[in-house]
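Student: Got a structure here, written out as structure tokens. Questions coming.
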Amino acid sequence: MLIMQIENLKKSYGERQLFDAVSFSIHEGEKIGLIGVNGTGKTSLLNALSNVEPADSGNITLPRGMKVSYLSQNPEFKADQTVLEAIFEGSSPLLTLIRDYEAALEHLEKDPENEKLQKQALGLQNRMDLEGAWEIESQIKTILTQLNIHDFDKTMGELSGGQKKRIALAEALISDSQLLILDEPTNHMDSQTVEWLEGALRQRKGALLMVTHDRYFLDRVVNKTIELDQGKLYSYTGNYAWFVEQKALRQELDSATARKRQNLFKSELEWIRAGAQARSTKQKARIDRFEILKDQLAGQGQLDKMDISVAHSRLGSKIIEMENVSKSFGTQLIVKDFTYTMVKSDRIGIVGPSGIGKTTLLKLIIGELEPDQGKIDRGITVNVGYFSQDSAHLPEDKRAIDWIRDTAEFVTTGDGIKISASQMMERFLFDSHMQYTYIGRLSGGEQRRLYLLQVLMASPNVLILDEPTNDLDIDTLKVLENYLDDFQGAVIVISHDRYFLDRTCERIWSFNGGGEIANHTGNYSEYLEHIKIPVYSDDDLGRTLNHQGKRPTANSKGSESNKNEQDNSGRDASEESRQKLTFKEQHELKTIDGEVASLEEKLIQLEIEMEKSATDFTLLSELSQKKEAVEELLLEKMERQEYLHRFDA
């Protein structure tokens with residue numbers, strides 16, 4: 001059953017085009033993951049589909065009776081509402097009934113002898129019985145408890161941003177909508193809560209569309225993946241592991257096409273440099289094609305070339321030593337008698353429920369807080385880079401490049417090259433326009449990426465990362481993971497992202513309550529196995545995340561092609577020494593120009609078809625293979641054409 005049809009959506013902010021002619025459909029039972037680099041327009045697309053902020057043009061068709069629920073990145077509530085009041089604010093008849101009943105009980109509690117209120121509450125209670133609303137109320141409170149919301153009478157003004165996000169998620173989960181749209185639902189959640197949410201979404205009926213950076217979460221929940229890349233939407237039927245395979249295949253096809261363009265470009269460049277005169281229509285067509293190729297090469301994807309390469313300062317043998325460290329806030333014991341001596345090779349992940357004190361431990365380590373008991377010694381060479389989970393301190397009224405220059409005008413990269421702050425920003429995908437954009441106008445993910453750059457530009461030798469995966473896109477996380485592989489200092493990270501912990505950490509500190517911190521050797525999955533908490537295996541995933549799909553290649557054909565090239569090379573050398581065309585070659589000369597022109601026309605037609613089929617991966621793959629074959633043949637014909645014309649002159 002069709003739930004939503006999206007046709008030719010376009011959205012721009014000023015001169016910046018987010019997406020162009022985006023079309024796809026959402027059907028019952030589809031659980032769709034939306035992937036893309038920060039700033040490409042994922043949230044803007046969700047806002048358009050949820051009617052929060054309309055697109056510039058295009059059509060969104062929602063069949064009659066279909067309802068959509070939307071969880072935004074930063075949900076807003078009235079400050080004086082209680083948790084239950086916020087949840088029951090929905091417009092469905094059952095939620096209205098529950099809200100009226102809860103309000104009647106509250107009034108009756110204040111005036112228990114009021115007969116009118118007693119009668120009203122009794123009537124609402126009878127309606128609750130008749131309409132089965134008790135089950136819904138119980139379900140709501142169960143969901144809130146699972147999301148670590150226990151005090152239902154607290155007002156929204158008393159809660160943190162993460163708690164508000166979880167309450168908004170509970171509101172979305174209990175809705176009777178046919179389509180649930182979630183923007184970063186796993187942010188501000190601990191790992192066990194994320195696993196509970198996985199199960200809830202898998203069991204929930206209806207369709208799902210969500211943006212998340214949590215790769216395990218995507219792999220276990222979604223059955224369709226769509227990628228927003230440079231304004232275009234690519235669709236893959238399958239989970240995240242399948243997406244990884246299919247994108248690898250698409251990139252392999254793209255790189256093959258790029259190599260052919262490079263070869264054509266080199267051939268055309270030689271011809272142009274030889275001083276070709278545009279004496280004929282065919283020669284003019286070749287000059288035009290040279291310009292097209294040059295433009296295509298110049299425009300090839302810069303988006304996937306983010307590079308984190310920053311030198312770090314020297315780190316001595318003494319790093320950070322903690323001895324019998326304890327810390328309390330009031331009667332709550334956060335850290336109790338914790339002792340640890342850090343070494344340069346440490347890769348430590350910190351886990352535990354939200355609000356248990358993980359960030360407090362980091363602040364003790366960096367010296368922002370002092371312990372109540374015990375001591376913390378830091379080596380004189382230690383230069384800590386602290387990436388906090390809050391980017392609110394970024395000056396919104398300052399241009400991005402000015403803020404980065406406050407840290408350093410120049411930076412030395414990991415390979416010893418000194419580059420400017422502007423060049424470093426380009427490596428972090430901030431082009432010249434974005435560099436001079438005010439920070440407040442950047443997306444949340446772009447601000448996090450800018451903040452990460454600022455931390456790394458200070459050349460730290462100890463990295464302390466508090467929820468680095470919040471609001472960073474998957475591509476940026478993969479680059480950060482690779483950077484940490486080569487980082488020559490200690491790393492401590494708090495994260496709820498199980499994939500990131502498995503990928504980067506070799507030791508786990510787990511908060512067990514009462515200030516106790518357990519020290520486990522191994523990554524997060526090994527920690528879960530040690531404490532006997534069930535964890536999904538690779539068999540459950542269907543495909544491992546690190547599997548790279550490869551397009552089949554015909555080695556025998558490639559060998560034959562290489563042999564032909566060698567044979568042709570040898571033949572060309574002998575013929576060149578003759579300085580004369582044979583009768584057969586003279587006949588070939590008469591037809592070669594037409595064959596080249598025909599192949600060029602065919603190539604243009606294939607490029608047009610590929611552009612029209614950008615969202616149909618199967619057809620795009622077929623067209624790419626055809627295009628590759630035509631380019632190979634065209635290259636051979638053009639080389640042959642130059643040879644024949646050279647000896648005919």
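Ligands are numbered from 1 in the order shown, chains are lettered A, B, ... in the order of the structure tokens, and residues start at 1 in each chain.
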Using only C-alpha atoms, which residues sit within 7 Å of region 206-215 of chain A once same-chain residues fewer than 3 positions away are excluded, as a list of chain:residue names?

Tutor: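 Using only C-alpha atoms, the neighbours found are A:His27, A:Glu28, A:Gly29, A:Glu30, A:Lys31, A:Ile32, A:Gly33, A:Leu34, A:Ile35, A:Gln178, A:Leu179, A:Leu180, A:Ile181, A:Leu182, A:Asp183, A:Glu184, A:Pro185, A:Leu218, A:Asp219, A:Tyr240, A:Asp473, A:Ile474, A:Asp497, A:Tyr499.
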
Student: Produce a file of the selected residues containing N, CA, C and O atoms, as a tab-separated table (two decimals), in the first residue's frame.

Tutor:
chain	number	residue	atom	x	y	z
A	27	HIS	N	6.20	2.91	0.97
A	27	HIS	CA	5.10	1.95	1.04
A	27	HIS	C	5.01	1.32	2.43
A	27	HIS	O	5.96	1.35	3.20
A	28	GLU	N	3.86	0.74	2.69
A	28	GLU	CA	3.63	0.07	3.97
A	28	GLU	C	4.68	-1.01	4.19
A	28	GLU	O	5.01	-1.77	3.27
A	29	GLY	N	5.22	-1.07	5.39
A	29	GLY	CA	6.21	-2.09	5.73
A	29	GLY	C	7.63	-1.70	5.43
A	29	GLY	O	8.56	-2.39	5.86
A	30	GLU	N	7.84	-0.60	4.69
A	30	GLU	CA	9.20	-0.17	4.40
A	30	GLU	C	9.80	0.55	5.62
A	30	GLU	O	9.16	1.42	6.20
A	31	LYS	N	11.00	0.17	5.97
A	31	LYS	CA	11.74	0.85	7.03
A	31	LYS	C	13.01	1.39	6.37
A	31	LYS	O	13.93	0.63	6.05
A	32	ILE	N	13.01	2.69	6.16
A	32	ILE	CA	14.00	3.34	5.29
A	32	ILE	C	15.00	4.14	6.11
A	32	ILE	O	14.62	4.92	6.98
A	33	GLY	N	16.28	3.93	5.83
A	33	GLY	CA	17.34	4.74	6.42
A	33	GLY	C	17.81	5.77	5.41
A	33	GLY	O	18.11	5.42	4.27
A	34	LEU	N	17.87	7.04	5.81
A	34	LEU	CA	18.35	8.13	4.94
A	34	LEU	C	19.76	8.49	5.36
A	34	LEU	O	20.01	8.85	6.51
A	35	ILE	N	20.70	8.40	4.41
A	35	ILE	CA	22.12	8.60	4.68
A	35	ILE	C	22.63	9.75	3.82
A	35	ILE	O	22.17	9.95	2.70
A	178	GLN	N	0.61	6.15	10.18
A	178	GLN	CA	1.06	5.11	9.24
A	178	GLN	C	2.52	5.31	8.83
A	178	GLN	O	3.16	4.38	8.34
A	179	LEU	N	3.05	6.53	9.02
A	179	LEU	CA	4.44	6.81	8.69
A	179	LEU	C	5.11	7.53	9.86
A	179	LEU	O	4.63	8.57	10.32
A	180	LEU	N	6.21	6.96	10.32
A	180	LEU	CA	6.98	7.54	11.41
A	180	LEU	C	8.30	8.08	10.83
A	180	LEU	O	9.05	7.33	10.21
A	181	ILE	N	8.54	9.38	11.00
A	181	ILE	CA	9.75	10.02	10.49
A	181	ILE	C	10.60	10.45	11.69
A	181	ILE	O	10.14	11.24	12.52
A	182	LEU	N	11.83	9.93	11.78
A	182	LEU	CA	12.69	10.18	12.93
A	182	LEU	C	14.01	10.80	12.49
A	182	LEU	O	14.70	10.25	11.63
A	183	ASP	N	14.37	11.92	13.11
A	183	ASP	CA	15.64	12.58	12.81
A	183	ASP	C	16.58	12.36	13.99
A	183	ASP	O	16.39	12.92	15.07
A	184	GLU	N	17.58	11.52	13.81
A	184	GLU	CA	18.59	11.17	14.83
A	184	GLU	C	17.93	10.68	16.13
A	184	GLU	O	18.13	11.26	17.20
A	185	PRO	N	17.16	9.59	16.07
A	185	PRO	CA	16.47	9.13	17.29
A	185	PRO	C	17.40	8.57	18.35
A	185	PRO	O	17.03	8.52	19.52
A	218	LEU	N	21.09	0.99	11.98
A	218	LEU	CA	20.61	0.96	10.59
A	218	LEU	C	20.55	-0.48	10.08
A	218	LEU	O	19.57	-0.89	9.44
A	219	ASP	N	21.60	-1.23	10.35
A	219	ASP	CA	21.70	-2.56	9.77
A	219	ASP	C	20.62	-3.49	10.30
A	219	ASP	O	20.16	-4.38	9.60
A	240	TYR	N	21.98	-1.51	5.93
A	240	TYR	CA	23.22	-0.74	5.78
A	240	TYR	C	24.34	-1.57	5.17
A	240	TYR	O	25.11	-1.09	4.34
A	473	ASP	N	27.97	12.85	10.48
A	473	ASP	CA	27.49	11.89	9.51
A	473	ASP	C	28.42	10.68	9.45
A	473	ASP	O	29.54	10.70	9.95
A	474	ILE	N	27.95	9.62	8.81
A	474	ILE	CA	28.69	8.36	8.78
A	474	ILE	C	30.03	8.52	8.07
A	474	ILE	O	31.05	7.98	8.51
A	497	ASP	N	27.37	4.77	20.52
A	497	ASP	CA	27.43	4.14	19.20
A	497	ASP	C	28.27	2.87	19.30
A	497	ASP	O	29.49	2.91	19.39
A	499	TYR	N	28.96	0.51	17.15
A	499	TYR	CA	29.90	0.28	16.05
A	499	TYR	C	31.17	1.09	16.27
A	499	TYR	O	32.29	0.57	16.11

Student: Based on the backbone DSSP call, show me all residues of region 81-220 of chain A assigned strand (DSSP E), as a list in words.

Tutor: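 Residues meeting the strand (DSSP E) criterion: Leu179, Leu180, Ile181, Leu182, Asp183, Ala207, Leu208, Leu209, Met210 and Val211 of chain A.
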
Student: For CA of Gly41 (chain A) and CA of Val222 (chain A), quote the distance in Å rounded to one decimal.

Tutor: 20.2 Å

Student: Env of region 424-441 of chain A: 12 Å cut, atoms = only C-alpha atoms, seq-sep filter 6 positions within chain, self excluded. Answer as number ranges by chain.

Tutor: A: 13-16, 37-40, 301-310, 391-405, 408-414, 417-418, 447-454, 456-457, 475-476, 479-480

Student: Quick one, how far is CA of Val596 (chain A) from CA of Lys627 (chain A)?

Tutor: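 According to the coordinates, CA of Val596 (chain A) and CA of Lys627 (chain A) are separated by 14.6 Å.
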
Student: Which of these residues is nearest to Glu198 (chain A), using only C-alpha atoms: A:Ile365, A:Val384, A:Val221, A:Leu623?

Tutor: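 Once distances to Glu198 (chain A) are computed over only C-alpha atoms, the minimum belongs to A:Val221.
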
Student: Go through A:Tyr216, A:Thr360, A:Thr61, A:Phe338 one by one, measure the shortest atom-to-atom distance of each to Asn519 (chain A) using only C-alpha atoms, and give the residue with the smallest value.

Tutor: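 That would be A:Phe338, the residue with the smallest distance to Asn519 (chain A).
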
Student: Distance CA of Gly357 (chain A)-CA of Gly513 (chain A), one decimal place?

Tutor: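 Separation of CA of Gly357 (chain A) and CA of Gly513 (chain A): 9.2 Å.
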
Student: Nearest residue to Ser175 (chain A) out of A:Glu89, A:Glu245, A:Glu467, A:Asp337, using only C-alpha atoms?

Tutor: A:Glu89

Student: Which residues are close to Glu370 (chain A), i.e. within 12 Å by only C-alpha atoms, leaving aside same-chain residues fewer than 4 positions away? Reply as a list of chain:residue names.

Tutor: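 Near neighbours after the sequence-gap exclusion: A:Met322, A:Val325, A:Ser326, A:Lys327, A:Ser328, A:Phe329, A:Val335, A:Thr360, A:Leu361, A:Leu362, A:Lys363, A:Leu364, A:Ile365, A:Ile366, A:Gly374, A:Lys375, A:Ile376, A:Asp377.
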
Student: For those residues, write C-alpha atoms to a file as a PDB file, in the first residue's frame.

Tutor:
ATOM      1  CA  MET A 322      44.671   8.686  38.707  1.00  0.00           C
ATOM      2  CA  VAL A 325      39.878   9.327  42.844  1.00  0.00           C
ATOM      3  CA  SER A 326      36.405   9.972  44.282  1.00  0.00           C
ATOM      4  CA  LYS A 327      33.772  12.574  43.400  1.00  0.00           C
ATOM      5  CA  SER A 328      30.265  13.262  44.722  1.00  0.00           C
ATOM      6  CA  PHE A 329      27.519  15.777  44.096  1.00  0.00           C
ATOM      7  CA  VAL A 335      33.249   8.145  41.145  1.00  0.00           C
ATOM      8  CA  THR A 360      31.994  14.114  35.130  1.00  0.00           C
ATOM      9  CA  LEU A 361      34.859  11.605  34.925  1.00  0.00           C
ATOM     10  CA  LEU A 362      36.149  13.280  31.752  1.00  0.00           C
ATOM     11  CA  LYS A 363      36.032  16.694  33.424  1.00  0.00           C
ATOM     12  CA  LEU A 364      38.052  15.289  36.323  1.00  0.00           C
ATOM     13  CA  ILE A 365      40.641  13.918  33.888  1.00  0.00           C
ATOM     14  CA  ILE A 366      41.087  17.210  32.024  1.00  0.00           C
ATOM     15  CA  GLY A 374      42.569  11.125  45.649  1.00  0.00           C
ATOM     16  CA  LYS A 375      44.817  12.794  43.110  1.00  0.00           C
ATOM     17  CA  ILE A 376      45.258  13.154  39.357  1.00  0.00           C
ATOM     18  CA  ASP A 377      48.722  13.860  37.884  1.00  0.00           C
TER      19      ASP A 377
END

Student: For Thr155 (chain A), which residue out of A:Thr82, A:Asn74, A:Thr407, A:Gln605 is the nearest one, using only C-alpha atoms?

Tutor: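 Closest to Thr155 (chain A) of all the choices is A:Thr82.
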
Student: Step one, run DSSP on the backbone; step two, keep only residues of region 382-506 of chain A assigned to helix (DSSP H, G or I); then write them as a PyMOL selection string.

Tutor: chain A and resi 400-407+421-427+432-435+439-441+444-457+474-486+498-504
